[in-house]
Amino acid sequence: MSTTPKSDTIAAAEVLVTSPGRNFVTLKITTTEGLVGWGDATLNGRELAVASYLRDHVAPLLIGRDPARIEDTWQYLYRGVYWRRGPVTMTSIGAVDMALWDIKGKTTGQPVYQLLGGAVRDRILTYTHATGWDLPQLLESVDARREEGFRAVRAQSGVPGLDTVYGVSRSGRGYEPAGRGAAPAEEVWDTDAYLRHAPKVLTAVRDHVGPELKLLHDAHHRLTPGQAARLGRALEDVDLFWLEDVTPAENQQVLRHVRQHTTVPLAIGEVFNTVWECQSLITEQLIDFVRTCVSHAGGISHLRRIAALAEIWQIRLGPHGPSDVSPVALAASLHVGLATPNFAIQEYMGYEPLVHEVFGHAWSYADGHLHPGDRPGLGVEVDETLAARFPYEPAYLPVARRRDGSMTDW
Ligand code: GCO
Ligand code: MG
């Protein structure tokens, strides 16, 4: 039975596009009773496509619906579209789902994690990024993260002979993959150079930090199955917590080959949008961690489904949480994390101070862990006046070419 008064229906669904340092798309659902729910609809480099999908095709369908019917609305938007799945559709559905959970929390006076069954842990382990163009810079960055309390750190370094490398800022400033401008930046990539260098760097990091710190590394979709197997073997002694996105995400069966050659834990899924893309990776146990994100994979309701399938196969969740996942989606992910047994770790790249101002939040970081807080709903409030001061600015993720000029995966 619905806990929302019968009279309460969705009165408005508005889309805010704001760029306080980087672009974010946010959905605001308001009910006739005056309750407001927030959802993150940011899709890096394709922001306006999701904004249009929501404004032009979803918002009109929401008006007059019962906000308490979260699952029915999910099914309606998923099954009702015929052209289902894909990042634009699933990010849009995700934003609606988050906003409706936010409203249900406010209606009942409960934080969302309570509505999901209550806390199964006291706090959520998180990892952040360490980045250095060369080894001394990387070790310095790892040490700085440890001083901030992090017990899990992703280490990425430059590669000799290359000018740009995913995850690393040459200037030593914070790394932000999306670059402002009308077209994507073009980077030159050389996998052989990376493979010669990465094992040496990660081994040196492990020697520097000792055995306790959880170390992670992201290969960002760039290897063939053979290269991935070789890298996995070369990293066995580094004792990684996970090696991420070794091969391009569409190529799933190749992971059988990788698995035959290495026991390095594999994490995949930040670009997946539904449980169906995770299905064979989970049921064949080709991965150890699912990386699906609450905003890009259909919201809280769908992330819970992915978690439930993964749980049966002893696979754990380690959701995506870079700077392009807004503090709204991070909140949603943390509510899921607190209430989901097989949630292992949350990525937390962090935000510029202005982003924290635009997206006020009850979630907090302390001592290497995150907690969603106890405010009703998701516990986020968007400062719309401040957001309006930073209009959308065209920005794209880079593209990558091999040394011969041919396109490769970024
Ligand atoms: C990660 C990711 C990101 C992505 C970015 C693209 O593991 O955090 O790989 O850094 O590159 O989210 O929009
Ligand atoms: Mg990644």
# chains A, B, ... in the order shown; residues from 1 in each chain; ligands from 1

call {"tool": "residues_around", "arguments": {"residues": "segment 207-224 of chain A", "least_positions_apart": "5", "cutoff": "7 Å", "atoms": "only C-alpha atoms", "output": "PDB file with all heavy atoms, in the first residue's frame"}}
result
ATOM      1  N   ARG A 151      42.308   4.260   2.809  1.00  0.00           N
ATOM      2  CA  ARG A 151      42.926   2.930   2.941  1.00  0.00           C
ATOM      3  C   ARG A 151      42.946   2.191   1.611  1.00  0.00           C
ATOM      4  O   ARG A 151      43.357   1.043   1.534  1.00  0.00           O
ATOM      5  CB  ARG A 151      42.124   2.082   3.934  1.00  0.00           C
ATOM      6  CG  ARG A 151      42.241   2.532   5.365  1.00  0.00           C
ATOM      7  CD  ARG A 151      40.900   3.069   5.846  1.00  0.00           C
ATOM      8  NE  ARG A 151      40.998   3.817   7.083  1.00  0.00           N
ATOM      9  CZ  ARG A 151      40.784   3.275   8.263  1.00  0.00           C
ATOM     10  NH1 ARG A 151      40.506   2.003   8.374  1.00  0.00           N
ATOM     11  NH2 ARG A 151      40.859   4.022   9.344  1.00  0.00           N
ATOM     12  N   ALA A 152      42.405   2.841   0.581  1.00  0.00           N
ATOM     13  CA  ALA A 152      42.381   2.250  -0.754  1.00  0.00           C
ATOM     14  C   ALA A 152      42.648   3.365  -1.752  1.00  0.00           C
ATOM     15  O   ALA A 152      42.009   4.418  -1.698  1.00  0.00           O
ATOM     16  CB  ALA A 152      41.031   1.604  -1.027  1.00  0.00           C
ATOM     17  N   VAL A 153      43.603   3.144  -2.639  1.00  0.00           N
ATOM     18  CA  VAL A 153      44.043   4.209  -3.546  1.00  0.00           C
ATOM     19  C   VAL A 153      44.260   3.621  -4.935  1.00  0.00           C
ATOM     20  O   VAL A 153      44.875   2.566  -5.088  1.00  0.00           O
ATOM     21  CB  VAL A 153      45.364   4.837  -3.030  1.00  0.00           C
ATOM     22  CG1 VAL A 153      45.930   5.814  -4.038  1.00  0.00           C
ATOM     23  CG2 VAL A 153      45.143   5.539  -1.692  1.00  0.00           C
ATOM     24  N   ARG A 154      43.749   4.330  -5.941  1.00  0.00           N
ATOM     25  CA  ARG A 154      44.000   3.950  -7.330  1.00  0.00           C
ATOM     26  C   ARG A 154      45.236   4.689  -7.807  1.00  0.00           C
ATOM     27  O   ARG A 154      45.314   5.910  -7.663  1.00  0.00           O
ATOM     28  CB  ARG A 154      42.793   4.331  -8.193  1.00  0.00           C
ATOM     29  CG  ARG A 154      42.864   3.796  -9.593  1.00  0.00           C
ATOM     30  CD  ARG A 154      41.780   4.379 -10.481  1.00  0.00           C
ATOM     31  NE  ARG A 154      42.172   5.657 -11.028  1.00  0.00           N
ATOM     32  CZ  ARG A 154      41.579   6.240 -12.077  1.00  0.00           C
ATOM     33  NH1 ARG A 154      40.548   5.664 -12.660  1.00  0.00           N
ATOM     34  NH2 ARG A 154      41.992   7.410 -12.529  1.00  0.00           N
ATOM     35  N   ALA A 155      46.203   3.965  -8.355  1.00  0.00           N
ATOM     36  CA  ALA A 155      47.469   4.595  -8.770  1.00  0.00           C
ATOM     37  C   ALA A 155      47.585   4.581 -10.289  1.00  0.00           C
ATOM     38  O   ALA A 155      47.483   3.540 -10.925  1.00  0.00           O
ATOM     39  CB  ALA A 155      48.639   3.840  -8.152  1.00  0.00           C
ATOM     40  N   GLN A 156      47.778   5.779 -10.866  1.00  0.00           N
ATOM     41  CA  GLN A 156      47.958   5.929 -12.317  1.00  0.00           C
ATOM     42  C   GLN A 156      49.188   6.812 -12.545  1.00  0.00           C
ATOM     43  O   GLN A 156      49.377   7.793 -11.834  1.00  0.00           O
ATOM     44  CB  GLN A 156      46.747   6.621 -12.947  1.00  0.00           C
ATOM     45  CG  GLN A 156      45.398   6.011 -12.641  1.00  0.00           C
ATOM     46  CD  GLN A 156      45.094   4.691 -13.326  1.00  0.00           C
ATOM     47  OE1 GLN A 156      44.557   3.789 -12.689  1.00  0.00           O
ATOM     48  NE2 GLN A 156      45.452   4.549 -14.590  1.00  0.00           N
ATOM     49  N   LEU A 240      47.049  -6.462  -6.167  1.00  0.00           N
ATOM     50  CA  LEU A 240      46.068  -5.398  -6.412  1.00  0.00           C
ATOM     51  C   LEU A 240      44.725  -5.764  -5.795  1.00  0.00           C
ATOM     52  O   LEU A 240      44.332  -6.935  -5.794  1.00  0.00           O
ATOM     53  CB  LEU A 240      45.855  -5.194  -7.917  1.00  0.00           C
ATOM     54  CG  LEU A 240      46.934  -4.469  -8.713  1.00  0.00           C
ATOM     55  CD1 LEU A 240      46.489  -4.327 -10.172  1.00  0.00           C
ATOM     56  CD2 LEU A 240      47.253  -3.099  -8.133  1.00  0.00           C
ATOM     57  N   PHE A 241      44.014  -4.743  -5.330  1.00  0.00           N
ATOM     58  CA  PHE A 241      42.621  -4.940  -4.896  1.00  0.00           C
ATOM     59  C   PHE A 241      41.776  -5.210  -6.127  1.00  0.00           C
ATOM     60  O   PHE A 241      40.903  -6.056  -6.119  1.00  0.00           O
ATOM     61  CB  PHE A 241      42.128  -3.692  -4.158  1.00  0.00           C
ATOM     62  CG  PHE A 241      40.743  -3.818  -3.605  1.00  0.00           C
ATOM     63  CD1 PHE A 241      40.519  -4.515  -2.429  1.00  0.00           C
ATOM     64  CD2 PHE A 241      39.661  -3.235  -4.255  1.00  0.00           C
ATOM     65  CE1 PHE A 241      39.226  -4.626  -1.906  1.00  0.00           C
ATOM     66  CE2 PHE A 241      38.375  -3.348  -3.737  1.00  0.00           C
ATOM     67  CZ  PHE A 241      38.155  -4.039  -2.567  1.00  0.00           C
ATOM     68  N   TRP A 242      42.040  -4.419  -7.202  1.00  0.00           N
ATOM     69  CA  TRP A 242      41.485  -4.773  -8.505  1.00  0.00           C
ATOM     70  C   TRP A 242      42.246  -4.124  -9.636  1.00  0.00           C
ATOM     71  O   TRP A 242      42.923  -3.106  -9.445  1.00  0.00           O
ATOM     72  CB  TRP A 242      39.995  -4.478  -8.609  1.00  0.00           C
ATOM     73  CG  TRP A 242      39.522  -3.065  -8.852  1.00  0.00           C
ATOM     74  CD1 TRP A 242      40.065  -2.096  -9.665  1.00  0.00           C
ATOM     75  CD2 TRP A 242      38.327  -2.473  -8.315  1.00  0.00           C
ATOM     76  NE1 TRP A 242      39.290  -0.956  -9.652  1.00  0.00           N
ATOM     77  CE2 TRP A 242      38.218  -1.171  -8.836  1.00  0.00           C
ATOM     78  CE3 TRP A 242      37.332  -2.944  -7.449  1.00  0.00           C
ATOM     79  CZ2 TRP A 242      37.163  -0.318  -8.509  1.00  0.00           C
ATOM     80  CZ3 TRP A 242      36.285  -2.087  -7.141  1.00  0.00           C
ATOM     81  CH2 TRP A 242      36.209  -0.800  -7.657  1.00  0.00           C
ATOM     82  N   LEU A 243      42.143  -4.768 -10.796  1.00  0.00           N
ATOM     83  CA  LEU A 243      42.627  -4.230 -12.063  1.00  0.00           C
ATOM     84  C   LEU A 243      41.360  -3.970 -12.882  1.00  0.00           C
ATOM     85  O   LEU A 243      40.538  -4.862 -13.068  1.00  0.00           O
ATOM     86  CB  LEU A 243      43.536  -5.250 -12.751  1.00  0.00           C
ATOM     87  CG  LEU A 243      44.100  -4.872 -14.117  1.00  0.00           C
ATOM     88  CD1 LEU A 243      44.950  -3.616 -14.057  1.00  0.00           C
ATOM     89  CD2 LEU A 243      44.943  -6.032 -14.684  1.00  0.00           C
ATOM     90  N   GLU A 244      41.220  -2.709 -13.328  1.00  0.00           N
ATOM     91  CA  GLU A 244      39.935  -2.283 -13.895  1.00  0.00           C
ATOM     92  C   GLU A 244      39.964  -2.197 -15.414  1.00  0.00           C
ATOM     93  O   GLU A 244      40.968  -1.768 -15.991  1.00  0.00           O
ATOM     94  CB  GLU A 244      39.618  -0.908 -13.289  1.00  0.00           C
ATOM     95  CG  GLU A 244      38.302  -0.328 -13.714  1.00  0.00           C
ATOM     96  CD  GLU A 244      38.086   1.040 -13.057  1.00  0.00           C
ATOM     97  OE1 GLU A 244      38.657   1.302 -11.967  1.00  0.00           O
ATOM     98  OE2 GLU A 244      37.356   1.842 -13.648  1.00  0.00           O
ATOM     99  N   ASP A 245      38.852  -2.558 -16.025  1.00  0.00           N
ATOM    100  CA  ASP A 245      38.609  -2.350 -17.456  1.00  0.00           C
ATOM    101  C   ASP A 245      39.819  -2.712 -18.318  1.00  0.00           C
ATOM    102  O   ASP A 245      40.333  -1.884 -19.079  1.00  0.00           O
ATOM    103  CB  ASP A 245      38.199  -0.889 -17.710  1.00  0.00           C
ATOM    104  CG  ASP A 245      36.748  -0.643 -17.316  1.00  0.00           C
ATOM    105  OD1 ASP A 245      35.959  -1.591 -17.294  1.00  0.00           O
ATOM    106  OD2 ASP A 245      36.408   0.519 -17.003  1.00  0.00           O
ATOM    107  N   VAL A 246      40.227  -3.973 -18.237  1.00  0.00           N
ATOM    108  CA  VAL A 246      41.407  -4.378 -19.009  1.00  0.00           C
ATOM    109  C   VAL A 246      41.140  -4.346 -20.516  1.00  0.00           C
ATOM    110  O   VAL A 246      41.970  -3.903 -21.292  1.00  0.00           O
ATOM    111  CB  VAL A 246      41.931  -5.777 -18.602  1.00  0.00           C
ATOM    112  CG1 VAL A 246      42.786  -5.683 -17.362  1.00  0.00           C
ATOM    113  CG2 VAL A 246      40.826  -6.792 -18.454  1.00  0.00           C
ATOM    114  N   THR A 247      39.955  -4.828 -20.922  1.00  0.00           N
ATOM    115  CA  THR A 247      39.636  -4.876 -22.353  1.00  0.00           C
ATOM    116  C   THR A 247      38.407  -4.014 -22.622  1.00  0.00           C
ATOM    117  O   THR A 247      37.666  -3.696 -21.688  1.00  0.00           O
ATOM    118  CB  THR A 247      39.333  -6.333 -22.781  1.00  0.00           C
ATOM    119  OG1 THR A 247      38.404  -6.892 -21.853  1.00  0.00           O
ATOM    120  CG2 THR A 247      40.592  -7.177 -22.805  1.00  0.00           C
ATOM    121  N   PRO A 248      38.159  -3.640 -23.887  1.00  0.00           N
ATOM    122  CA  PRO A 248      36.950  -2.855 -24.180  1.00  0.00           C
ATOM    123  C   PRO A 248      35.702  -3.599 -23.690  1.00  0.00           C
ATOM    124  O   PRO A 248      35.592  -4.817 -23.827  1.00  0.00           O
ATOM    125  CB  PRO A 248      36.959  -2.747 -25.715  1.00  0.00           C
ATOM    126  CG  PRO A 248      38.385  -2.929 -26.096  1.00  0.00           C
ATOM    127  CD  PRO A 248      38.966  -3.872 -25.086  1.00  0.00           C
ATOM    128  N   ALA A 249      34.766  -2.846 -23.124  1.00  0.00           N
ATOM    129  CA  ALA A 249      33.672  -3.454 -22.362  1.00  0.00           C
ATOM    130  C   ALA A 249      32.737  -4.313 -23.203  1.00  0.00           C
ATOM    131  O   ALA A 249      32.096  -5.226 -22.676  1.00  0.00           O
ATOM    132  CB  ALA A 249      32.880  -2.358 -21.660  1.00  0.00           C
ATOM    133  N   ASP A 409      40.683   2.955 -28.572  1.00  0.00           N
ATOM    134  CA  ASP A 409      39.779   3.259 -27.455  1.00  0.00           C
ATOM    135  C   ASP A 409      40.440   4.226 -26.485  1.00  0.00           C
ATOM    136  O   ASP A 409      41.590   4.012 -26.103  1.00  0.00           O
ATOM    137  CB  ASP A 409      39.406   1.967 -26.723  1.00  0.00           C
ATOM    138  CG  ASP A 409      38.634   1.029 -27.625  1.00  0.00           C
ATOM    139  OD1 ASP A 409      37.547   1.404 -28.064  1.00  0.00           O
ATOM    140  OD2 ASP A 409      39.158  -0.081 -27.916  1.00  0.00           O
TER     141      ASP A 409
END

call {"tool": "residues_around", "arguments": {"residues": "segment 55-71 of chain A", "least_positions_apart": "6", "cutoff": "10 Å", "atoms": "only C-alpha atoms", "output": "compact mmCIF listing (two decimals) with N, CA and C atoms, in the first residue's frame"}}
result
# COMPACT_ATOMS: atom_id res chain seq x y z
N MET A 1 0.84 -1.19 0.00
CA MET A 1 0.00 0.00 0.00
C MET A 1 0.88 1.25 0.00
N SER A 2 0.49 2.21 -0.74
CA SER A 2 1.29 3.43 -0.84
C SER A 2 1.25 4.21 0.48
N THR A 3 2.41 4.75 0.86
CA THR A 3 2.46 5.57 2.07
C THR A 3 2.20 7.04 1.73
N THR A 4 2.27 7.35 0.44
CA THR A 4 2.05 8.75 0.03
C THR A 4 0.55 9.03 0.05
N PRO A 5 0.16 10.22 0.54
CA PRO A 5 -1.28 10.53 0.47
C PRO A 5 -1.76 10.36 -0.98
N LYS A 6 -2.94 9.78 -1.16
CA LYS A 6 -3.45 9.47 -2.50
C LYS A 6 -3.46 10.68 -3.42
N SER A 7 -3.66 11.84 -2.77
CA SER A 7 -3.79 13.06 -3.57
C SER A 7 -2.46 13.50 -4.15
N ASP A 8 -1.35 13.00 -3.59
CA ASP A 8 -0.05 13.52 -4.03
C ASP A 8 0.33 12.93 -5.39
N THR A 9 0.53 13.80 -6.34
CA THR A 9 0.96 13.35 -7.66
C THR A 9 2.14 14.20 -8.11
N ILE A 10 2.79 13.76 -9.17
CA ILE A 10 3.92 14.53 -9.70
C ILE A 10 3.37 15.76 -10.42
N ALA A 11 3.84 16.93 -9.96
CA ALA A 11 3.34 18.18 -10.52
C ALA A 11 4.30 18.75 -11.57
N ALA A 12 5.59 18.49 -11.39
CA ALA A 12 6.57 19.06 -12.33
C ALA A 12 7.82 18.21 -12.36
N ALA A 13 8.45 18.17 -13.52
CA ALA A 13 9.75 17.50 -13.66
C ALA A 13 10.62 18.44 -14.50
N GLU A 14 11.61 19.04 -13.84
CA GLU A 14 12.44 20.04 -14.52
C GLU A 14 13.88 19.55 -14.61
N VAL A 15 14.57 20.02 -15.64
CA VAL A 15 15.96 19.61 -15.83
C VAL A 15 16.87 20.83 -15.66
N LEU A 16 17.84 20.69 -14.78
CA LEU A 16 18.82 21.78 -14.56
C LEU A 16 20.14 21.35 -15.18
N LEU A 27 17.88 16.30 -12.40
CA LEU A 27 16.42 16.27 -12.53
C LEU A 27 15.79 16.65 -11.19
N ILE A 29 12.10 16.68 -9.42
CA ILE A 29 10.69 16.30 -9.49
C ILE A 29 9.98 16.94 -8.30
N THR A 30 8.87 17.62 -8.56
CA THR A 30 8.10 18.26 -7.49
C THR A 30 6.70 17.64 -7.47
N THR A 31 6.20 17.39 -6.28
CA THR A 31 4.86 16.81 -6.17
C THR A 31 3.84 17.91 -5.81
N THR A 32 2.57 17.57 -5.96
CA THR A 32 1.52 18.56 -5.65
C THR A 32 1.54 18.92 -4.16
N LEU A 35 6.64 18.29 -2.20
CA LEU A 35 7.90 17.56 -1.95
C LEU A 35 8.77 17.62 -3.20
N GLY A 37 12.18 15.92 -5.19
CA GLY A 37 13.15 14.82 -5.30
C GLY A 37 14.19 15.17 -6.35
N ALA A 49 22.00 15.52 -24.58
CA ALA A 49 21.14 14.45 -25.11
C ALA A 49 20.23 13.93 -23.99
N LEU A 77 8.86 3.33 -17.87
CA LEU A 77 9.84 4.05 -18.69
C LEU A 77 10.76 3.09 -19.43
N VAL A 81 9.28 2.07 -23.74
CA VAL A 81 9.96 2.89 -24.74
C VAL A 81 10.25 2.12 -26.04
N THR A 89 19.00 6.58 -22.45
CA THR A 89 17.75 6.12 -21.85
C THR A 89 17.95 5.73 -20.38
N SER A 92 18.56 8.57 -18.01
CA SER A 92 17.31 9.30 -17.77
C SER A 92 16.44 8.54 -16.76
N ILE A 93 16.28 7.24 -16.98
CA ILE A 93 15.48 6.43 -16.05
C ILE A 93 16.12 6.47 -14.66
N VAL A 96 15.14 9.64 -12.79
CA VAL A 96 13.76 9.59 -12.30
C VAL A 96 13.70 8.69 -11.07
N ASP A 97 14.34 7.54 -11.16
CA ASP A 97 14.32 6.58 -10.06
C ASP A 97 14.90 7.18 -8.77
N MET A 98 16.07 7.85 -8.90
CA MET A 98 16.69 8.47 -7.73
C MET A 98 15.76 9.52 -7.12
N ALA A 99 15.17 10.35 -8.00
CA ALA A 99 14.31 11.43 -7.51
C ALA A 99 13.09 10.86 -6.77
N LEU A 100 12.55 9.75 -7.29
CA LEU A 100 11.37 9.17 -6.63
C LEU A 100 11.73 8.52 -5.29
N TRP A 101 12.91 7.90 -5.21
CA TRP A 101 13.36 7.38 -3.90
C TRP A 101 13.57 8.54 -2.92
N ILE A 103 11.95 11.34 -2.89
CA ILE A 103 10.61 11.76 -2.45
C ILE A 103 10.03 10.76 -1.45
N LYS A 104 10.21 9.48 -1.71
CA LYS A 104 9.66 8.47 -0.77
C LYS A 104 10.30 8.62 0.61
N GLY A 105 11.60 8.93 0.60
CA GLY A 105 12.27 9.16 1.88
C GLY A 105 11.70 10.36 2.60
N THR A 107 8.73 11.64 2.17
CA THR A 107 7.35 11.34 2.56
C THR A 107 7.30 10.57 3.88
N SER A 301 16.90 1.41 -8.00
CA SER A 301 16.14 0.16 -8.19
C SER A 301 16.94 -0.83 -9.03
N HIS A 302 17.57 -0.34 -10.10
CA HIS A 302 18.26 -1.27 -10.98
C HIS A 302 19.63 -1.69 -10.43

call {"tool": "closest_atom_pairs", "arguments": {"of": "chain A", "to": "ligand 1", "cutoff": "10 Å", "atoms": "only C-alpha atoms and all ligand atoms", "output": "tab-separated table"}}
result
residue	atom	partner	partner_atom_place_in_ligand_line	distance
A:Thr42	CA	ligand 1	13 (O)	9.5
A:Leu43	CA	ligand 1	13 (O)	7.4
A:Asn44	CA	ligand 1	13 (O)	4.9
A:Gly45	CA	ligand 1	13 (O)	7.5
A:Arg46	CA	ligand 1	13 (O)	9.9
A:Thr128	CA	ligand 1	8 (O)	9.0
A:His129	CA	ligand 1	8 (O)	8.3
A:Arg154	CA	ligand 1	7 (O)	8.9
A:Tyr166	CA	ligand 1	11 (O)	7.5
A:Gly167	CA	ligand 1	10 (O)	6.6
A:Tyr175	CA	ligand 1	10 (O)	8.9
A:Glu176	CA	ligand 1	10 (O)	7.9
A:Pro177	CA	ligand 1	11 (O)	6.3
A:Ala178	CA	ligand 1	13 (O)	7.0
A:Leu216	CA	ligand 1	7 (O)	9.9
A:His217	CA	ligand 1	7 (O)	8.7
A:Asp218	CA	ligand 1	7 (O)	6.3
A:Ala219	CA	ligand 1	9 (O)	8.5
A:His220	CA	ligand 1	9 (O)	5.9
A:His221	CA	ligand 1	9 (O)	8.8
A:Glu244	CA	ligand 1	7 (O)	7.5
A:Asp245	CA	ligand 1	9 (O)	8.0
A:Ala267	CA	ligand 1	7 (O)	9.7
A:Ile268	CA	ligand 1	7 (O)	9.3
A:Gly269	CA	ligand 1	7 (O)	9.6
A:Glu270	CA	ligand 1	2 (C)	7.1
A:Val271	CA	ligand 1	6 (C)	8.6
A:Arg291	CA	ligand 1	7 (O)	8.5
A:Cys293	CA	ligand 1	12 (O)	9.9
A:Pro319	CA	ligand 1	7 (O)	9.0
A:His320	CA	ligand 1	8 (O)	6.0
A:Gly321	CA	ligand 1	8 (O)	6.1
A:Pro322	CA	ligand 1	8 (O)	4.5
A:Ser323	CA	ligand 1	12 (O)	7.0
A:Asp324	CA	ligand 1	12 (O)	5.8
A:Val325	CA	ligand 1	12 (O)	7.3
A:Glu347	CA	ligand 1	8 (O)	7.1
A:Tyr348	CA	ligand 1	8 (O)	8.4
A:Met349	CA	ligand 1	8 (O)	7.2
A:Tyr396	CA	ligand 1	13 (O)	8.9
A:Leu397	CA	ligand 1	13 (O)	6.7
A:Pro398	CA	ligand 1	6 (C)	9.4
A:Trp410	CA	ligand 1	11 (O)	8.4

call {"tool": "residues_around", "arguments": {"residues": "Leu317 of chain A", "least_positions_apart": "4", "cutoff": "6 Å", "atoms": "only C-alpha atoms", "output": "ChimeraX atom specification"}}
result
/A:289-290,343-344

call {"tool": "select_by_dssp", "arguments": {"residues": "segment 311-380 of chain A", "states": "alpha helix (DSSP H)", "output": "JSON, numbers by chain"}}
result
{"A": [311, 312, 327, 328, 329, 330, 331, 332, 333, 334, 335, 336, 337, 338, 339, 353, 354, 355, 356, 357, 358]}

call {"tool": "write_last_selection", "arguments": {"atoms": "C-alpha atoms", "output": "PDB file, in the first residue's frame"}}
result
ATOM      1  CA  GLU A 311      25.548 -11.615  -4.683  1.00  0.00           C
ATOM      2  CA  ILE A 312      24.557 -15.135  -5.734  1.00  0.00           C
ATOM      3  CA  PRO A 327      27.011  14.460  -5.460  1.00  0.00           C
ATOM      4  CA  VAL A 328      23.343  13.493  -5.990  1.00  0.00           C
ATOM      5  CA  ALA A 329      24.253  10.145  -7.563  1.00  0.00           C
ATOM      6  CA  LEU A 330      27.034   9.655  -5.037  1.00  0.00           C
ATOM      7  CA  ALA A 331      24.410  10.028  -2.302  1.00  0.00           C
ATOM      8  CA  ALA A 332      22.197   7.433  -4.014  1.00  0.00           C
ATOM      9  CA  SER A 333      25.128   5.049  -4.365  1.00  0.00           C
ATOM     10  CA  LEU A 334      25.947   5.425  -0.671  1.00  0.00           C
ATOM     11  CA  HIS A 335      22.371   4.649   0.392  1.00  0.00           C
ATOM     12  CA  VAL A 336      22.602   1.475  -1.695  1.00  0.00           C
ATOM     13  CA  GLY A 337      26.050   0.786  -0.242  1.00  0.00           C
ATOM     14  CA  LEU A 338      24.962   1.029   3.356  1.00  0.00           C
ATOM     15  CA  ALA A 339      22.059  -1.377   2.800  1.00  0.00           C
ATOM     16  CA  PRO A 353      34.575  23.243  -3.438  1.00  0.00           C
ATOM     17  CA  LEU A 354      32.035  24.977  -5.707  1.00  0.00           C
ATOM     18  CA  VAL A 355      30.403  21.631  -6.548  1.00  0.00           C
ATOM     19  CA  HIS A 356      29.856  20.960  -2.834  1.00  0.00           C
ATOM     20  CA  GLU A 357      28.190  24.388  -2.604  1.00  0.00           C
ATOM     21  CA  VAL A 358      25.819  23.809  -5.522  1.00  0.00           C
TER      22      VAL A 358
END

call {"tool": "atom_distance", "arguments": {"atom1": "atom CA of Gly405 of chain A", "atom2": "atom CA of Trp133 of chain A"}}
result
23.7 Å

call {"tool": "residues_around", "arguments": {"residues": "Val238 of chain A", "least_positions_apart": "3", "cutoff": "9 Å", "atoms": "only C-alpha atoms", "output": "MDAnalysis selection string"}}
result
chainID A and resid 199 202:207 211 215 234:235

call {"tool": "select_by_dssp", "arguments": {"residues": "segment 21-264 of chain A", "states": "strand (DSSP E)", "output": "NGL selection string"}}
result
:A and (24-31 or 36-40 or 124-132 or 152-157 or 179-180 or 186-188 or 214-218 or 242-244)

call {"tool": "atom_distance", "arguments": {"atom1": "atom CA of Leu286 of chain A", "atom2": "atom CA of Leu125 of chain A"}}
result
23.4 Å

call {"tool": "atom_distance", "arguments": {"atom1": "atom CA of Arg401 of chain A", "atom2": "atom CA of Trp189 of chain A"}}
result
5.9 Å

call {"tool": "closest_residue", "arguments": {"among": "A:Thr126, A:Ser406, A:Thr292, A:Gln253", "to": "ligand 2", "atoms": "only C-alpha atoms and all ligand atoms"}}
result
A:Thr292

call {"tool": "closest_residue", "arguments": {"among": "A:Ala387, A:Ala182, A:Ala395, A:Leu266", "to": "ligand 2", "atoms": "only C-alpha atoms and all ligand atoms"}}
result
A:Leu266
